[in-house]
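Below: my_file-v7.tsv (TSV, C-alpha atoms)
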chain	number	residue	atom	x	y	z
A	1	MET	CA	123.22	80.63	37.48
A	2	MET	CA	124.88	83.97	36.91
A	3	LYS	CA	122.25	85.62	39.04
A	4	ARG	CA	122.80	83.16	41.86
A	5	LEU	CA	126.54	83.76	41.68
A	6	THR	CA	125.97	87.48	41.86
A	7	GLY	CA	123.74	86.87	44.86
A	8	ILE	CA	126.39	84.80	46.59
A	9	PHE	CA	128.99	87.40	45.78
A	10	GLY	CA	126.70	90.06	47.20
A	11	CYS	CA	126.24	88.16	50.45
A	12	LEU	CA	129.97	87.52	50.68
A	13	SER	CA	130.86	91.14	50.16
A	14	LEU	CA	128.26	92.12	52.76
A	15	ALA	CA	129.76	89.63	55.20
A	16	LEU	CA	133.23	90.99	54.47
A	17	LEU	CA	132.00	94.51	54.92
A	18	PHE	CA	130.65	93.67	58.37
A	19	ALA	CA	133.78	91.78	59.32
A	20	PHE	CA	135.88	94.90	58.85
A	21	THR	CA	133.53	97.43	60.34
A	22	LEU	CA	132.93	95.90	63.75
A	23	PRO	CA	133.50	98.61	66.34
A	24	VAL	CA	136.47	98.45	68.65
A	25	ASN	CA	134.88	98.21	72.06
A	26	GLY	CA	137.65	99.74	74.10
A	27	GLY	CA	137.35	101.29	77.49
A	28	TYR	CA	136.02	100.42	80.90
A	29	LYS	CA	132.98	98.28	81.52
A	30	VAL	CA	130.91	98.17	84.68
A	31	GLY	CA	133.02	96.26	87.22
A	32	ASP	CA	136.39	97.45	85.87
A	33	LYS	CA	138.80	99.35	88.10
A	34	VAL	CA	139.84	102.72	86.73
A	35	ALA	CA	143.49	103.73	86.45
A	36	ASP	CA	144.09	107.11	88.06
A	37	PHE	CA	145.03	110.09	85.91
A	38	SER	CA	146.31	113.59	86.35
A	39	LEU	CA	144.62	116.46	84.49
A	40	GLN	CA	144.64	120.21	84.87
A	41	ASN	CA	141.59	121.97	86.30
A	42	ALA	CA	140.70	124.92	84.08
A	43	ILE	CA	139.16	126.75	87.02
A	44	ASP	CA	142.32	127.10	89.16
A	45	ASP	CA	145.08	125.49	87.04
A	46	GLN	CA	145.71	122.86	89.71
A	47	TRP	CA	146.56	119.30	88.65
A	48	VAL	CA	143.88	116.90	89.78
A	49	SER	CA	143.89	113.13	90.19
A	50	LEU	CA	141.19	110.90	91.65
A	51	ALA	CA	143.50	110.34	94.61
A	52	SER	CA	143.62	114.09	95.23
A	53	TYR	CA	139.93	113.99	96.21
A	54	GLY	CA	141.02	112.21	99.40
A	55	ASP	CA	138.46	110.29	101.40
A	56	VAL	CA	135.35	110.17	99.20
A	57	LYS	CA	132.72	107.48	98.62
A	58	GLY	CA	132.82	107.71	94.85
A	59	TYR	CA	133.25	109.90	91.79
A	60	ILE	CA	130.74	111.12	89.21
A	61	VAL	CA	133.14	111.27	86.25
A	62	VAL	CA	131.46	113.00	83.31
A	63	PHE	CA	132.95	113.71	79.91
A	64	THR	CA	131.40	116.96	78.81
A	65	CYS	CA	132.33	120.19	77.03
A	66	ASN	CA	131.33	123.79	76.34
A	67	THR	CA	130.07	123.40	72.80
A	68	CYS	CA	127.83	120.34	72.59
A	69	PRO	CA	124.17	121.39	72.99
A	70	TYR	CA	123.51	118.22	74.99
A	71	SER	CA	126.31	119.10	77.40
A	72	VAL	CA	124.95	122.62	77.74
A	73	MET	CA	121.45	121.31	78.47
A	74	TYR	CA	122.89	119.24	81.32
A	75	GLU	CA	125.12	121.93	82.90
A	76	ASP	CA	122.57	122.99	85.51
A	77	ARG	CA	121.83	119.37	86.33
A	78	LEU	CA	125.54	118.65	86.81
A	79	ILE	CA	125.82	121.58	89.20
A	80	GLU	CA	122.78	120.28	91.06
A	81	LEU	CA	124.21	116.74	91.21
A	82	HIS	CA	127.48	118.08	92.61
A	83	ASN	CA	125.79	120.34	95.13
A	84	THR	CA	123.61	117.46	96.33
A	85	TYR	CA	126.09	114.62	96.29
A	86	ALA	CA	129.57	116.13	96.87
A	87	PRO	CA	128.68	116.75	100.54
A	88	GLN	CA	127.68	113.06	100.68
A	89	GLY	CA	131.03	111.98	99.26
A	90	PHE	CA	130.26	111.82	95.53
A	91	PRO	CA	131.79	114.82	93.72
A	92	VAL	CA	131.27	115.54	90.02
A	93	VAL	CA	134.56	115.27	88.11
A	94	ALA	CA	133.94	116.96	84.75
A	95	ILE	CA	136.43	116.28	81.94
A	96	ASN	CA	136.50	118.04	78.57
A	97	PRO	CA	137.85	115.51	76.04
A	98	ASN	CA	137.63	117.65	72.88
A	99	ASP	CA	140.54	118.86	70.79
A	100	PRO	CA	140.33	122.68	70.67
A	101	GLY	CA	142.10	122.53	67.30
A	102	ILE	CA	138.80	121.17	65.96
A	103	LYS	CA	136.51	122.90	68.47
A	104	PRO	CA	138.02	126.25	69.44
A	105	GLY	CA	135.08	126.75	71.80
A	106	ASP	CA	136.44	123.91	73.92
A	107	SER	CA	139.85	125.44	74.56
A	108	TYR	CA	141.31	125.64	78.06
A	109	ALA	CA	140.66	129.39	78.10
A	110	ALA	CA	137.07	128.86	76.95
A	111	MET	CA	136.61	126.23	79.69
A	112	LYS	CA	137.73	128.82	82.26
A	113	GLU	CA	135.20	131.32	80.92
A	114	ARG	CA	132.37	128.80	80.85
A	115	ALA	CA	133.09	127.56	84.36
A	116	ASP	CA	133.15	131.14	85.55
A	117	SER	CA	129.96	132.30	83.83
A	118	LYS	CA	128.01	129.18	84.86
A	119	GLY	CA	129.55	129.10	88.33
A	120	PHE	CA	130.72	125.50	88.16
A	121	THR	CA	131.11	124.22	91.70
A	122	PHE	CA	132.89	121.06	90.51
A	123	LYS	CA	136.33	120.67	88.95
A	124	TYR	CA	136.45	121.05	85.17
A	125	LEU	CA	139.46	119.13	83.86
A	126	PHE	CA	141.03	119.24	80.44
A	127	ASP	CA	142.06	115.99	78.73
A	128	ALA	CA	144.65	117.89	76.71
A	129	GLU	CA	146.56	114.81	75.53
A	130	GLN	CA	143.29	112.95	74.78
A	131	THR	CA	144.46	109.90	76.73
A	132	VAL	CA	141.87	109.74	79.51
A	133	PHE	CA	138.66	109.57	77.45
A	134	PRO	CA	139.91	106.59	75.36
A	135	ALA	CA	140.97	104.79	78.55
A	136	PHE	CA	137.41	105.19	79.82
A	137	GLY	CA	135.91	104.40	76.43
A	138	ALA	CA	133.89	107.60	76.38
A	139	THR	CA	132.35	108.14	72.94
A	140	ARG	CA	130.14	111.18	73.36
A	141	THR	CA	129.44	114.23	75.46
A	142	PRO	CA	127.94	114.07	77.98
A	143	HIS	CA	128.96	110.54	79.04
A	144	VAL	CA	128.93	109.57	82.73
A	145	PHE	CA	131.05	106.97	84.51
A	146	LEU	CA	130.06	106.58	88.17
A	147	LEU	CA	132.90	105.11	90.24
A	148	ASP	CA	132.72	103.78	93.77
A	149	LYS	CA	135.21	104.39	96.57
A	150	LYS	CA	137.58	101.76	95.15
A	151	LYS	CA	137.50	103.46	91.73
A	152	VAL	CA	135.48	100.59	90.28
A	153	VAL	CA	132.99	101.57	87.54
A	154	ARG	CA	129.44	100.95	88.79
A	155	TYR	CA	127.32	102.83	86.23
A	156	ILE	CA	127.91	104.08	82.68
A	157	GLY	CA	125.60	106.25	80.63
A	158	ALA	CA	123.19	109.15	80.70
A	159	ILE	CA	122.44	111.58	83.53
A	160	ASP	CA	118.69	111.08	83.18
A	161	ASN	CA	116.14	110.16	80.53
A	162	ASN	CA	115.20	113.57	79.15
A	163	ALA	CA	117.93	115.88	77.88
A	164	GLN	CA	115.67	118.59	76.49
A	165	ASN	CA	113.37	118.94	79.45
A	166	ALA	CA	114.79	118.37	82.93
A	167	SER	CA	111.41	118.58	84.61
A	168	ALA	CA	110.04	115.82	82.35
A	169	ALA	CA	112.88	113.44	83.18
A	170	ASP	CA	111.42	110.70	85.35
A	171	LYS	CA	114.47	108.43	85.50
A	172	PRO	CA	117.36	110.22	87.23
A	173	TYR	CA	119.83	107.44	86.36
A	174	VAL	CA	122.92	108.88	88.06
A	175	ALA	CA	121.10	109.95	91.24
A	176	GLN	CA	119.46	106.52	91.44
A	177	ALA	CA	122.81	104.80	90.93
A	178	ILE	CA	124.37	106.85	93.74
A	179	GLU	CA	121.47	106.03	96.05
A	180	ALA	CA	122.00	102.34	95.25
A	181	LEU	CA	125.72	102.59	96.10
A	182	LYS	CA	124.90	104.36	99.36
A	183	ASN	CA	122.65	101.43	100.24
A	184	GLY	CA	125.33	98.91	99.30
A	185	ASP	CA	123.37	97.80	96.21
A	186	ASP	CA	124.27	97.48	92.55
A	187	PRO	CA	122.81	100.26	90.41
A	188	ASN	CA	119.93	99.14	88.22
A	189	PRO	CA	120.20	100.00	85.39
A	190	ASP	CA	123.99	100.08	85.42
A	191	PHE	CA	124.22	101.06	81.73
A	192	THR	CA	122.17	103.45	79.62
A	193	LYS	CA	122.55	105.18	76.28
A	194	ALA	CA	121.78	108.73	75.18
A	195	ILE	CA	122.18	110.91	72.15
A	196	GLY	CA	125.23	113.13	72.34
A	197	CYS	CA	128.00	114.78	70.38
A	198	THR	CA	130.99	112.89	69.09
A	199	ILE	CA	134.27	113.55	70.85
A	200	LYS	CA	136.42	115.74	68.62
A	201	VAL	CA	139.69	113.87	68.18
A	202	LYS	CA	142.94	115.38	66.96
A	203	SER	CA	143.67	113.94	63.54
B	1	MET	CA	86.36	118.87	43.01
B	2	HIS	CA	88.05	120.21	46.09
B	3	LEU	CA	87.26	117.02	47.90
B	4	LEU	CA	88.76	115.00	45.07
B	5	LEU	CA	91.83	117.14	45.07
B	6	SER	CA	92.39	116.80	48.79
B	7	LEU	CA	91.85	113.04	48.55
B	8	PHE	CA	94.45	112.91	45.85
B	9	ILE	CA	96.91	114.86	47.97
B	10	ALA	CA	96.24	112.60	50.92
B	11	VAL	CA	97.17	109.44	49.05
B	12	VAL	CA	100.29	110.72	47.31
B	13	PRO	CA	102.96	108.34	48.56
B	14	ILE	CA	105.46	109.98	50.88
B	15	TRP	CA	108.36	108.87	48.70
B	16	SER	CA	107.03	110.45	45.53
B	17	ASP	CA	109.22	113.53	45.50
B	18	PRO	CA	111.27	114.48	48.53
B	19	PRO	CA	111.08	118.26	48.25
B	20	ALA	CA	107.31	117.97	47.70
B	21	GLU	CA	106.78	116.52	51.15
B	22	ARG	CA	108.15	119.79	52.48
B	23	ALA	CA	106.54	121.99	49.83
B	24	ASN	CA	104.46	123.79	52.42
B	25	GLY	CA	107.48	124.14	54.67
B	26	GLU	CA	106.22	121.53	57.12
B	27	ILE	CA	108.34	118.80	58.56
B	28	LYS	CA	107.18	115.38	59.69
B	29	VAL	CA	107.73	114.92	63.42
B	30	VAL	CA	107.71	111.37	64.78
B	31	ASP	CA	108.49	109.43	67.93
B	32	PHE	CA	110.53	106.26	67.53
B	33	LYS	CA	107.49	104.09	66.86
B	34	GLY	CA	106.39	106.60	64.26
B	35	LEU	CA	109.84	106.51	62.68
B	36	GLN	CA	109.71	102.72	62.39
B	37	LYS	CA	106.30	102.96	60.76
B	38	HIS	CA	107.52	105.69	58.46
B	39	LEU	CA	110.53	103.61	57.35
B	40	ASP	CA	108.41	100.50	56.82
B	41	GLN	CA	106.50	102.37	54.15
B	42	TYR	CA	109.50	102.16	51.86
B	43	GLY	CA	109.06	98.39	51.60
B	44	ASP	CA	112.05	96.51	50.21
B	45	LYS	CA	114.01	99.54	49.09
B	46	THR	CA	117.54	100.12	50.29
B	47	LEU	CA	117.32	102.73	53.02
B	48	VAL	CA	120.27	104.92	53.91
B	49	ILE	CA	119.24	106.38	57.26
B	50	ASN	CA	121.40	109.18	58.61
B	51	PHE	CA	120.97	110.55	62.14
B	52	TRP	CA	122.02	114.20	62.25
B	53	ALA	CA	121.19	117.67	63.56
B	54	THR	CA	121.76	121.21	62.33
B	55	TRP	CA	123.83	121.96	65.46
B	56	CYS	CA	126.14	118.99	64.82
B	57	VAL	CA	129.12	120.23	62.81
B	58	PRO	CA	130.42	116.85	61.56
B	59	CYS	CA	126.84	115.95	60.57
B	60	VAL	CA	126.36	119.08	58.50
B	61	ARG	CA	129.79	118.57	56.92
B	62	GLU	CA	128.84	115.11	55.59
B	63	LEU	CA	125.32	116.06	54.42
B	64	PRO	CA	126.46	116.87	50.85
B	65	TYR	CA	127.58	113.24	50.39
B	66	PHE	CA	124.13	111.99	51.42
B	67	GLU	CA	122.58	114.46	49.01
B	68	GLN	CA	124.88	113.13	46.30
B	69	ALA	CA	123.75	109.60	47.16
B	70	THR	CA	120.12	110.65	46.70
B	71	GLU	CA	120.91	111.79	43.17
B	72	TYR	CA	123.38	109.06	42.26
B	73	TYR	CA	121.09	106.21	43.32
B	74	ALA	CA	117.83	107.83	42.24
B	75	ASP	CA	116.97	104.97	39.86
B	76	GLN	CA	118.38	102.13	41.93
B	77	GLY	CA	115.79	101.72	44.66
B	78	VAL	CA	117.74	103.67	47.25
B	79	GLU	CA	116.12	106.19	49.57
B	80	VAL	CA	118.18	108.50	51.75
B	81	ILE	CA	116.36	109.46	54.94
B	82	LEU	CA	117.84	112.21	57.06
B	83	VAL	CA	116.56	111.72	60.59
B	84	SER	CA	116.99	115.05	62.33
B	85	LEU	CA	117.60	115.07	66.07
B	86	ASP	CA	117.16	118.81	66.26
B	87	PHE	CA	115.43	119.99	69.40
B	88	SER	CA	111.68	120.35	69.13
B	89	LYS	CA	111.98	123.95	70.32
B	90	GLN	CA	114.25	124.74	67.35
B	91	ILE	CA	112.18	123.38	64.46
B	92	GLU	CA	111.03	126.84	63.43
B	93	THR	CA	114.15	128.75	64.35
B	94	ARG	CA	116.85	126.38	63.09
B	95	LEU	CA	115.70	123.30	61.19
B	96	LYS	CA	113.22	124.86	58.78
B	97	PRO	CA	115.50	127.77	57.83
B	98	PHE	CA	118.36	125.27	57.34
B	99	LEU	CA	116.27	123.07	55.04
B	100	ALA	CA	115.02	126.07	53.11
B	101	LYS	CA	118.53	127.45	52.67
B	102	HIS	CA	120.15	124.20	51.54
B	103	GLU	CA	117.22	122.87	49.51
B	104	LEU	CA	117.89	119.28	50.55
B	105	LYS	CA	116.63	116.68	48.11
B	106	SER	CA	116.73	113.77	50.53
B	107	HIS	CA	113.80	112.90	52.79
B	108	VAL	CA	113.87	114.60	56.19
B	109	VAL	CA	111.96	113.59	59.31
B	110	LEU	CA	112.41	114.89	62.83
B	111	LEU	CA	112.71	112.28	65.54
B	112	ASP	CA	111.39	113.73	68.79
B	113	ASP	CA	111.54	110.98	71.37
B	114	PRO	CA	113.31	111.99	74.58
B	115	ASP	CA	113.76	108.52	76.08
B	116	ALA	CA	116.78	107.75	73.86
B	117	ASN	CA	117.93	104.87	76.05
B	118	ALA	CA	114.74	103.07	75.05
B	119	TRP	CA	115.36	103.30	71.30
B	120	ILE	CA	119.10	103.67	70.53
B	121	ASP	CA	119.62	99.90	70.76
B	122	LYS	CA	116.69	99.37	68.40
B	123	VAL	CA	118.52	101.37	65.74
B	124	SER	CA	121.66	99.35	66.44
B	125	PRO	CA	123.15	97.73	69.53
B	126	GLU	CA	126.49	99.03	68.21
B	127	TRP	CA	125.38	102.66	68.55
B	128	SER	CA	126.59	104.53	71.64
B	129	GLY	CA	124.34	107.49	70.82
B	130	ALA	CA	126.87	109.91	69.30
B	131	ILE	CA	125.93	111.58	66.05
B	132	PRO	CA	126.43	111.46	63.13
B	133	ALA	CA	125.42	107.83	62.75
B	134	THR	CA	124.27	105.97	59.66
B	135	LEU	CA	122.25	102.80	59.19
B	136	ILE	CA	121.80	101.07	55.87
B	137	ARG	CA	119.12	98.44	55.61
B	138	LYS	CA	117.42	96.32	53.03
B	139	ASN	CA	115.16	93.34	53.61
B	140	GLY	CA	116.40	92.76	57.13
B	141	VAL	CA	120.09	93.08	56.26
B	142	GLU	CA	121.67	96.01	58.08
B	143	ALA	CA	124.99	97.78	58.37
B	144	PHE	CA	125.59	100.44	61.01
B	145	TYR	CA	128.26	103.15	61.22
B	146	GLU	CA	128.88	105.49	64.15
B	147	LYS	CA	131.28	107.68	62.20
B	148	SER	CA	131.59	110.62	59.83
B	149	PHE	CA	131.97	110.24	56.08
B	150	HIS	CA	134.61	112.40	54.44
B	151	SER	CA	133.74	111.87	50.78
B	152	PHE	CA	130.94	110.58	48.60
B	153	ASP	CA	133.18	107.66	47.60
B	154	GLU	CA	133.49	106.63	51.23
B	155	LEU	CA	129.70	106.60	51.54
B	156	LYS	CA	129.25	104.88	48.18
B	157	GLU	CA	131.53	102.08	49.29
B	158	ILE	CA	129.12	101.05	52.04
B	159	ILE	CA	125.95	101.50	49.97
B	160	GLN	CA	127.23	99.59	46.96
B	161	PRO	CA	127.10	96.08	48.50
B	162	PHE	CA	123.37	96.59	49.05
B	163	ILE	CA	122.89	97.41	45.40
B	164	LYS	CA	124.60	94.24	44.20
B	165	SER	CA	122.73	91.93	46.54

Would you mind writing the structure in this file as structure tokens?
Amino acid sequence: MMKRLTGIFGCLSLALLFAFTLPVNGGYKVGDKVADFSLQNAIDDQWVSLASYGDVKGYIVVFTCNTCPYSVMYEDRLIELHNTYAPQGFPVVAINPNDPGIKPGDSYAAMKERADSKGFTFKYLFDAEQTVFPAFGATRTPHVFLLDKKKVVRYIGAIDNNAQNASAADKPYVAQAIEALKNGDDPNPDFTKAIGCTIKVKS
Amino acid sequence: MHLLLSLFIAVVPIWSDPPAERANGEIKVVDFKGLQKHLDQYGDKTLVINFWATWCVPCVRELPYFEQATEYYADQGVEVILVSLDFSKQIETRLKPFLAKHELKSHVVLLDDPDANAWIDKVSPEWSGAIPATLIRKNGVEAFYEKSFHSFDELKEIIQPFIKS
């Protein structure tokens, strides 16, 4: 009897544990319209909003940073994406969401240096108040949100399916999603997951 | 005699003594299928599975609490498995020196499976892919945490329900 009670108690406490640890699924889902924002570009100190891009067909919004090895592995691929797709109306909009208090290597000054040494051709914005990444629901770097012309989210996830080896990646998710949008189709898949670094949040 | 000895070594269960499995400095490298198989070998034990990497600062910061758990629960059917997501190119240059320096007592395996989108949901649909992340499981009951632990007590709190049940 006692044992059974203990068992029931155990199950109950497990159930309680789960009840209080369910994740808060904030942020945009595919199909949601994004609210515009205004962030400073570390490359030229200009304030940038989605509207400031003018007449484009979409936006490759990517939360990324200087310090996460996964972000670093994708830098060249981001440059390539921008160089290929910006002329077709889909610029890369890179946003660093990290708090430099926790990650000094992700400071505004460090962003400038990184953009300069890597020759970023896209804008590299700083989410200094840490308000934009929670609105999107970004949880890691790198984390892509592909928006269409109307600022509606059409794809969320990874850049491709092999972080460590670009030449072995055989599913270029973002490029495929853009091609789908160009053809008036829905991206498939429209959501993928990847390993990445946590976003460093001011405590 | 040598044959007998090597046979004996071959059948020593992987969970016998964590540091022993790395005695020769080697590290087990698995793809996701291999990881599942590896974990299944622990049977009905409570598994505390932590996804980490040497380059991940919050991961390294919470490692001591997982090491404490290995010691604290040594006689209570709990196994702590540190699943490293270090890059395959850095096993020799980063992971092995790290393990040697810190003399980790918990089990360590390296998960080398690039198509993360194919397996992250199999660890937990709740996981976005950021590390550190921790999964506790026993007999089909699971609890998943995409978060950092800031004390051993905080970690103990989520392991304890699995001990009572």

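Residue list for chain B within 8 Å of chain A: Trp55, Cys56, Phe87, Pro114, Asp115, Ala116, Asn117, Ile120, Glu126, Ser128, Gly129, Ala130, Ile131, Pro132, Ala143, Tyr145, Ile158, Pro161, Phe162, Lys164 and Ser165 of chain B, counting only C-alpha atoms.
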
(message) Just the number, please: distance in Å from atom CA of A:Gly54 to atom CA of A:Ser107, one decimal.
(response)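 Interatomic distance, atom CA of A:Gly54 to atom CA of A:Ser107: 28.2 Å.
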
(request) To one decimal in Å, tell me the separation between atom CA of A:Leu50 and atom CA of A:His82. (result)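 Answer for the atom CA of A:Leu50 to atom CA of A:His82 separation: 15.5 Å.
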
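Computed from the coordinates, the atom CA of A:Gly105 to atom CA of A:Ala86 distance equals 27.8 Å.
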
(message) Given all atoms listed in the file as the basis, pick out the residue of B:Lys96, B:Lys89, B:Lys138, B:Lys147 nearest to B:Val108.
(response)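 The answer is B:Lys96, which sits nearest to B:Val108.
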